[in-house]
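Single-structure report; data block below.
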Amino acid sequence: MTTIKDIQKMGSTMKEILGLSGSPVGVRIVKRGDEIAEAEPAGGHRFCQALMRGRRGDHVVVTAETIACPAAARAFGFKPLPEALKSGKGLIGFGITAHESVGQQMFAGMTTFEPGEIVQLDVFPLDAAGSEPDVVVVEDEVEKLMWIVLAYMHARGGERVSGSTAVLQATCVDSTIIPYVEDRLNYGFGCYGCRDATDMGPGEAILGFPAHYLPEIVEHLEYLNRKALPHSRGKHALAALTKQRGGSEQGSCSSL
């Protein structure tokens, strides 16, 4: 049985092995009757901003009353989608799409919770978890996320991993709701909203996976860290090529 201390340790291990710049973030999907009272309500926050704070060490709660992003509010079943977004006109106004029909399809294709299905989102740094998360979200440089995907593949017997995204709602839908609803890892490259609203760097991306995969993912990250990860980061094949080309160039010069 996985304990809270186990979860905290696994969060620290992921951070240490991969060299993450912040903590992996735990997200607990809270249904009625299980509301969290002890954490700070993230008033005026978008969900992506709550994840940013979790990554930096804060524990916050997102509710229908406090969430600031209308698209995420609909995705979590907190509020209806505003007509401007539903019609596609809002995305034209943001300069994201050129045609209303494209914006309509982008929202129509979102994986969402039913209205009222959940009441809160408990967001916290995994290495300081106080409860068991439903989903683990990691945002960092792409190379670091690559090793998590590889470890997840190992947990799934080598099955290929697919990513699903609309380059919109990358934190709420792509990295939290899809992993929870479809019980699988999902990844994306961020989106207009989260890159505008958070400190997400240009070379960073984001993924999320169901928390029940956490023990197997961390176990295989530890395995990868014995050889494959440090060897790849050491760029030995590139060094060999550079050395070979250097020798060839010296030989060419000496023969002149």
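Scheme for the structure tokens: letters A, B, ... for chains in order shown; per-chain residue numbers from 1; ligand numbers from 1 in order shown.
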Identify, on the basis of only C-alpha atoms, every residue whose closest approach to Arg55 of chain A does not exceed 12 Å; exclude the query and any residue fewer than 4 positions from it along the same chain; express the result as a PyMOL selection string.
-> chain A and resi 11+15+20-27+48-51+59-60+123-129+136-140+198-200+206
Find the residues near Glu83 of chain A: any atom within 12 Å, counting only C-alpha atoms, skip ones fewer than 3 places away on the same chain, and give them as a PyMOL selection string.
-> chain A and resi 70-71+74+79-80+86-91+100+103-104+107
Quick one: residues within 6 Å of segment 209-219 of chain A, only C-alpha atoms counted, chain neighbours fewer than 5 positions away excluded, as number ranges by chain?
-> A: 134-136, 151-152, 155, 179-180, 183-185
Grab the residues selected above and save them as a PDB file, in the first residue's frame with N, CA, C and O atoms.
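Listed below is the output, out_27.pdb:
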```pdb
ATOM      1  N   ASP A 134      -5.000  12.204  -7.697  1.00  0.00           N
ATOM      2  CA  ASP A 134      -5.578  11.400  -8.773  1.00  0.00           C
ATOM      3  C   ASP A 134      -4.711  11.473 -10.023  1.00  0.00           C
ATOM      4  O   ASP A 134      -4.619  10.514 -10.783  1.00  0.00           O
ATOM      5  N   VAL A 135      -4.100  12.639 -10.224  1.00  0.00           N
ATOM      6  CA  VAL A 135      -3.277  12.883 -11.413  1.00  0.00           C
ATOM      7  C   VAL A 135      -1.988  13.565 -10.978  1.00  0.00           C
ATOM      8  O   VAL A 135      -1.994  14.374 -10.047  1.00  0.00           O
ATOM      9  N   VAL A 136      -0.890  13.235 -11.653  1.00  0.00           N
ATOM     10  CA  VAL A 136       0.383  13.916 -11.450  1.00  0.00           C
ATOM     11  C   VAL A 136       0.685  14.709 -12.714  1.00  0.00           C
ATOM     12  O   VAL A 136       0.642  14.159 -13.824  1.00  0.00           O
ATOM     13  N   ALA A 151       9.461   5.861 -19.077  1.00  0.00           N
ATOM     14  CA  ALA A 151       9.166   5.067 -17.887  1.00  0.00           C
ATOM     15  C   ALA A 151       7.710   4.602 -17.889  1.00  0.00           C
ATOM     16  O   ALA A 151       7.400   3.472 -17.501  1.00  0.00           O
ATOM     17  N   TYR A 152       6.822   5.458 -18.341  1.00  0.00           N
ATOM     18  CA  TYR A 152       5.405   5.084 -18.454  1.00  0.00           C
ATOM     19  C   TYR A 152       5.223   3.970 -19.482  1.00  0.00           C
ATOM     20  O   TYR A 152       4.446   3.033 -19.268  1.00  0.00           O
ATOM     21  N   ALA A 155       5.942   0.787 -17.917  1.00  0.00           N
ATOM     22  CA  ALA A 155       4.838   0.347 -17.056  1.00  0.00           C
ATOM     23  C   ALA A 155       3.695  -0.251 -17.872  1.00  0.00           C
ATOM     24  O   ALA A 155       2.931  -1.080 -17.367  1.00  0.00           O
ATOM     25  N   PRO A 179      -5.894  12.558 -18.717  1.00  0.00           N
ATOM     26  CA  PRO A 179      -5.300  11.471 -17.923  1.00  0.00           C
ATOM     27  C   PRO A 179      -6.285  10.854 -16.924  1.00  0.00           C
ATOM     28  O   PRO A 179      -6.287   9.634 -16.725  1.00  0.00           O
ATOM     29  N   TYR A 180      -7.131  11.682 -16.312  1.00  0.00           N
ATOM     30  CA  TYR A 180      -8.086  11.188 -15.315  1.00  0.00           C
ATOM     31  C   TYR A 180      -9.208  10.381 -15.976  1.00  0.00           C
ATOM     32  O   TYR A 180      -9.512   9.260 -15.569  1.00  0.00           O
ATOM     33  N   ASP A 183      -7.637   7.470 -18.243  1.00  0.00           N
ATOM     34  CA  ASP A 183      -6.712   6.623 -17.484  1.00  0.00           C
ATOM     35  C   ASP A 183      -5.427   6.346 -18.262  1.00  0.00           C
ATOM     36  O   ASP A 183      -5.005   5.203 -18.438  1.00  0.00           O
ATOM     37  N   ARG A 184      -4.790   7.411 -18.722  1.00  0.00           N
ATOM     38  CA  ARG A 184      -3.546   7.274 -19.482  1.00  0.00           C
ATOM     39  C   ARG A 184      -2.736   8.544 -19.394  1.00  0.00           C
ATOM     40  O   ARG A 184      -3.250   9.614 -19.062  1.00  0.00           O
ATOM     41  N   LEU A 185      -1.453   8.427 -19.698  1.00  0.00           N
ATOM     42  CA  LEU A 185      -0.593   9.599 -19.796  1.00  0.00           C
ATOM     43  C   LEU A 185      -0.962  10.383 -21.049  1.00  0.00           C
ATOM     44  O   LEU A 185      -1.253   9.807 -22.099  1.00  0.00           O
TER      45      LEU A 185
END
```
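By chain and then residue number, the residues within 12 Å of Gly44 of chain A are Pro41, Phe47, Cys48, Gln49, Ala50, Val60, Val61, Val62, Thr63, Ala64, Glu65, Thr66, Ile67, Ala68, Cys69, Pro70 and Ala197 of chain A, counting only C-alpha atoms and disregarding those fewer than 3 positions away in sequence.
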So which one's closest to Val30 of chain A, A:Glu16, A:Asp6, A:Glu132, A:Asp58? Using only C-alpha atoms, please.
->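 Looking only at the distances to Val30 of chain A, the closest residue turns out to be A:Glu132.
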Enumerate the residues of segment 164-228 of chain A with a DSSP assignment of helix (DSSP H, G or I), computed from the backbone, and present them as an MDAnalysis selection string.
-> chainID A and resid 170:182 192:197 211:224 228
What lies within 12 Å of Gly109 of chain A using only C-alpha atoms, ignoring chain neighbours under 2 positions off, as a list of chain:residue names?
->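 Neighbouring residues, sequence-local ones excluded: A:Ala75, A:Lys86, A:Val102, A:Gly103, A:Gln104, A:Gln105, A:Met106, A:Phe107, A:Thr111, A:Thr112, A:Ser164, A:Thr165, A:Ala166, A:Val167, A:Leu168, A:Gln169, A:Val173, A:Asp174, A:Ile178.
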